[in-house]
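Undergrad: Structure below; questions to follow.
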Amino acid sequence: MDCKADGVGDERSPSSSGGQSPDLDRNPSPPPDTAGGGEDGDSDAIGDTVYSKHWLFSTLTRLINMVTEHAEGDSEGQMELPDGDEEDLCKVWDMAMDKDVAGLLQAFKATDILVGVISRSRCPRLTEICVGILGNIACFPDTCATLSQNENLGEVLLLLLGDADPPTLLETSRLLLTCLSQKDVCSLWLQRIRQQTSVRSNLCFIMSSSTNTDLLEKVGELVETLFDLDEDIMKSWITAQPKQAEGDLDVASCLLEAAKQLRSESPNGLEVYLHALQLLTTIDEGIQTFAAPDGPGQAVGEFVGEVVCKDLCQAEDLSVVLQEQRSTLLQAFSVLQALHRCQDQWRSKADTSVPLIGTVLRVLQHDSDATRESQSGEEEKKDEQLEALAEAAAELLADICVQIQKETVADLVREGYLTERTCVAAARSLTPNFQTSFEHLQCVLSEADPRLADEVRKQVPA
């Protein structure tokens, strides 16, 4: 759920965690001794809430004692969290969504307490809850600023990305994203991430090996945000040499593996990973990686092309896709265009998928039809994202058509992709800005299908 403070953050309650009891799928009840109100209850209340300061302080104290006792006893064994303690801590997790409670937790030095517990915890559920509480505290600018100054938290949190527990990894990624969304502390966290080299390898491991949809989505958002905020981080991650002995992978391949996992499970998650890949194509280091003969460029191109043709642009629902998933399609076209421009390093441009070219042609035809309807007053003006999508499709087609072969054009005609309507739409999209591509397409079309070429000349004079 969205944080109520200034619209930033990503509040989360224990009920959204997979391991939580259904009985806790609600806001916490006030402690029994203050639920009835009265002077004592009012003086003990946290701000304008019915939550008890005494109960909150007692719960934190009990948490400290519980972890200390376990550490002094069997420190190597995994700690079991009693049901009653888990329920109370989950109430604190829920309560931390309130700004007054978050402020009081800071006054109680809760960050120091929770970081200490996390450092000594031998219980994955306890670690998850503590990170979750910190995540809710961080949703508010003031408490996030104070929390972020805690150097121990910065160190512990980044090391937690190497944890083996998916719920803990999910809450850790959420907390990092929340801090990065706060402009006053964003640079501090970026500096810490640049200095902690294990962040890249840990996130790459998650992306390449996890099957947890929620975790992959959140990690994808984290990587996308880091790349968007800090080009230096993106450059260092794309050029880092994977440790083959440890099964490490380059970051582009890891993004691809996560995108494959989310392909059928999460359209939003797929879009996030496509955007992360697109961001890599905006730097020279990324282009060089994709262009390398043994690099991930070909695998990424084949996957994105398949998503475009088989998942996004099926013949019967193209109009719906262009409305509902135009953002994803725009990211895909941007990636494909960048890969096509560098792909001559590892394959011939003549190898461009015929179905992919056909899909681009259909998108341009749809745009041409929509433009004519708009000009005739039958529809409202197209939105900016659809216009951007049409421009990306035209640019991709222009790159393809510069060296398109007669055999490819003949295949497009034979398989029904290149018809009079799609050919005219393509010609109209190319003539304003891509004259060379248009002339080459027209020349090759004259050899492959003279009749169709003549029709294009009539409707779209050079």
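Order determines the names: the first chain of the structure tokens is A, the second B, and so forth; residues in each chain are numbered 1 upward, and ligands are numbered 1 upward as they are shown.
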Give me the residues within 9 Å of Leu336 of chain A as a PDB file with C-alpha atoms, in the first residue's frame, counting only C-alpha atoms and dropping any in the same chain fewer than 6 places off.

TA:
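Wrote result27.pdb, looks like this:
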```pdb
ATOM      1  CA  GLN A 278      16.909  -0.415 -22.170  1.00  0.00           C
ATOM      2  CA  VAL A 300      18.230 -10.679 -25.234  1.00  0.00           C
ATOM      3  CA  GLY A 301      17.168  -9.820 -28.788  1.00  0.00           C
ATOM      4  CA  VAL A 304      12.402  -9.524 -26.517  1.00  0.00           C
ATOM      5  CA  GLY A 305      11.407 -10.234 -30.109  1.00  0.00           C
ATOM      6  CA  LEU A 396      13.266   0.344 -35.721  1.00  0.00           C
TER       7      LEU A 396
END
```

Undergrad: List the neighbours of segment 120-131 of chain A out to 8 Å using only C-alpha atoms; skip same-chain residues closer than 2 positions along the sequence, and give me the result as a list in words.

TA: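 Residues near the query, excluding close chain neighbours: Pro14, Val67, Ala71, Ser75, Glu76, Gly77, Gln78, Met79, Glu80, Leu81, Glu86, Leu89, Cys90, Trp93, Leu114, Val115, Gly116, Val117, Ile118, Ile133, Leu134, Gly135, Asp165, Pro167, Thr168, Glu171, Thr172 and Leu175 of chain A.
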
Undergrad: For N, CA, C and O atoms, I'd like the residues from the last selection saved as a tab-separated table (two decimals), in the first residue's frame.

TA:
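Full text of result.tsv as output:
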```tsv
chain	number	residue	atom	x	y	z
A	14	PRO	N	2.30	-6.79	8.03
A	14	PRO	CA	2.63	-8.21	8.16
A	14	PRO	C	1.65	-9.09	7.39
A	14	PRO	O	2.00	-10.19	6.98
A	67	VAL	N	16.25	-11.82	22.36
A	67	VAL	CA	17.40	-12.07	21.50
A	67	VAL	C	18.67	-12.24	22.34
A	67	VAL	O	19.52	-13.09	22.05
A	71	ALA	N	21.14	-15.49	22.46
A	71	ALA	CA	22.56	-15.35	22.11
A	71	ALA	C	23.45	-15.88	23.22
A	71	ALA	O	24.51	-16.45	22.95
A	75	SER	N	23.81	-20.05	20.80
A	75	SER	CA	23.93	-18.98	19.80
A	75	SER	C	24.02	-19.52	18.39
A	75	SER	O	23.82	-18.79	17.42
A	76	GLU	N	24.34	-20.80	18.20
A	76	GLU	CA	24.48	-21.35	16.86
A	76	GLU	C	23.16	-21.91	16.33
A	76	GLU	O	22.98	-22.00	15.13
A	77	GLY	N	22.28	-22.30	17.22
A	77	GLY	CA	21.02	-22.89	16.77
A	77	GLY	C	20.04	-21.83	16.30
A	77	GLY	O	20.13	-20.66	16.69
A	78	GLN	N	19.09	-22.23	15.45
A	78	GLN	CA	18.10	-21.29	14.94
A	78	GLN	C	17.06	-21.01	16.02
A	78	GLN	O	16.56	-21.90	16.68
A	79	MET	N	16.72	-19.77	16.16
A	79	MET	CA	15.80	-19.34	17.20
A	79	MET	C	14.36	-19.49	16.74
A	79	MET	O	14.02	-19.21	15.59
A	80	GLU	N	13.52	-19.96	17.60
A	80	GLU	CA	12.09	-20.07	17.32
A	80	GLU	C	11.38	-18.86	17.92
A	80	GLU	O	11.58	-18.53	19.09
A	81	LEU	N	10.54	-18.21	17.15
A	81	LEU	CA	9.81	-17.04	17.62
A	81	LEU	C	8.45	-17.47	18.15
A	81	LEU	O	7.61	-17.96	17.39
A	86	GLU	N	5.53	-13.12	18.19
A	86	GLU	CA	5.41	-12.81	16.77
A	86	GLU	C	4.19	-11.92	16.52
A	86	GLU	O	4.26	-10.94	15.76
A	89	LEU	N	4.98	-8.35	17.72
A	89	LEU	CA	5.91	-7.66	16.82
A	89	LEU	C	5.25	-7.29	15.50
A	89	LEU	O	5.55	-6.24	14.91
A	90	CYS	N	4.34	-8.13	15.05
A	90	CYS	CA	3.60	-7.81	13.82
A	90	CYS	C	2.66	-6.62	14.06
A	90	CYS	O	2.40	-5.84	13.14
A	93	TRP	N	4.80	-3.73	13.63
A	93	TRP	CA	5.00	-3.55	12.19
A	93	TRP	C	3.84	-2.76	11.58
A	93	TRP	O	4.03	-1.80	10.83
A	114	LEU	N	16.54	-2.35	16.53
A	114	LEU	CA	16.20	-3.30	15.48
A	114	LEU	C	17.44	-3.75	14.71
A	114	LEU	O	17.55	-4.92	14.33
A	115	VAL	N	18.38	-2.84	14.48
A	115	VAL	CA	19.63	-3.22	13.81
A	115	VAL	C	20.40	-4.21	14.67
A	115	VAL	O	20.97	-5.19	14.16
A	116	GLY	N	20.41	-3.97	15.98
A	116	GLY	CA	21.07	-4.91	16.88
A	116	GLY	C	20.43	-6.28	16.85
A	116	GLY	O	21.11	-7.31	16.84
A	117	VAL	N	19.10	-6.30	16.81
A	117	VAL	CA	18.38	-7.57	16.74
A	117	VAL	C	18.69	-8.28	15.43
A	117	VAL	O	18.95	-9.50	15.39
A	118	ILE	N	18.65	-7.54	14.32
A	118	ILE	CA	18.93	-8.14	13.01
A	118	ILE	C	20.33	-8.74	12.98
A	118	ILE	O	20.54	-9.85	12.47
A	133	ILE	N	9.52	-3.38	9.89
A	133	ILE	CA	9.23	-2.22	10.75
A	133	ILE	C	10.05	-1.03	10.31
A	133	ILE	O	9.55	0.10	10.18
A	134	LEU	N	11.33	-1.25	10.05
A	134	LEU	CA	12.19	-0.17	9.58
A	134	LEU	C	11.71	0.38	8.24
A	134	LEU	O	11.77	1.59	7.98
A	135	GLY	N	11.20	-0.50	7.40
A	135	GLY	CA	10.67	-0.06	6.12
A	135	GLY	C	9.50	0.88	6.26
A	135	GLY	O	9.38	1.87	5.52
A	165	ASP	N	16.86	-15.96	2.84
A	165	ASP	CA	15.42	-15.99	3.13
A	165	ASP	C	14.67	-15.02	2.21
A	165	ASP	O	14.85	-13.80	2.33
A	167	PRO	N	11.51	-13.77	2.09
A	167	PRO	CA	10.78	-12.66	2.71
A	167	PRO	C	11.70	-11.57	3.26
A	167	PRO	O	11.38	-10.38	3.16
A	168	THR	N	12.83	-11.97	3.83
A	168	THR	CA	13.78	-10.98	4.32
A	168	THR	C	14.37	-10.17	3.16
A	168	THR	O	14.51	-8.94	3.24
A	171	GLU	N	11.76	-7.59	2.02
A	171	GLU	CA	11.66	-6.42	2.90
A	171	GLU	C	12.90	-5.54	2.82
A	171	GLU	O	12.82	-4.32	2.90
A	172	THR	N	14.06	-6.17	2.64
A	172	THR	CA	15.30	-5.40	2.51
A	172	THR	C	15.28	-4.56	1.24
A	172	THR	O	15.64	-3.37	1.26
A	175	LEU	N	12.88	-1.64	1.71
A	175	LEU	CA	13.45	-0.57	2.54
A	175	LEU	C	14.46	0.27	1.75
A	175	LEU	O	14.47	1.50	1.83
```

Undergrad: Report, in Å with one decimal, the straight-line distance from atom CA of Lys53 of chain A to atom CA of Leu177 of chain A.

TA: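 Distance between the two atoms: 29.1 Å.
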
Undergrad: Quick check for you: according to DSSP on this backbone, which residues of segment 91-154 of chain A are classed as alpha helix (DSSP H)? Reply as number ranges by chain.

TA: A: 91-95, 99-107, 110-120, 124-137, 141-148, 151-154

Undergrad: Using only C-alpha atoms for the distances, tell me which of A:Ile238, A:Leu226, A:Val199, A:Ala164 is nearest to Cys186 of chain A.

TA: A:Leu226

Undergrad: Give me, please, the distance in Å between atom CA of Tyr417 of chain A and atom CA of Gln323 of chain A, quoted to one decimal.

TA: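 Going from atom CA of Tyr417 of chain A over to atom CA of Gln323 of chain A, I get 21.9 Å.
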
Undergrad: Enter the distance from atom CA of Glu224 of chain A to atom CA of Gly286 of chain A, in Å, rounded to one decimal.

TA: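 Distance reported for this atom pair: 14.4 Å.
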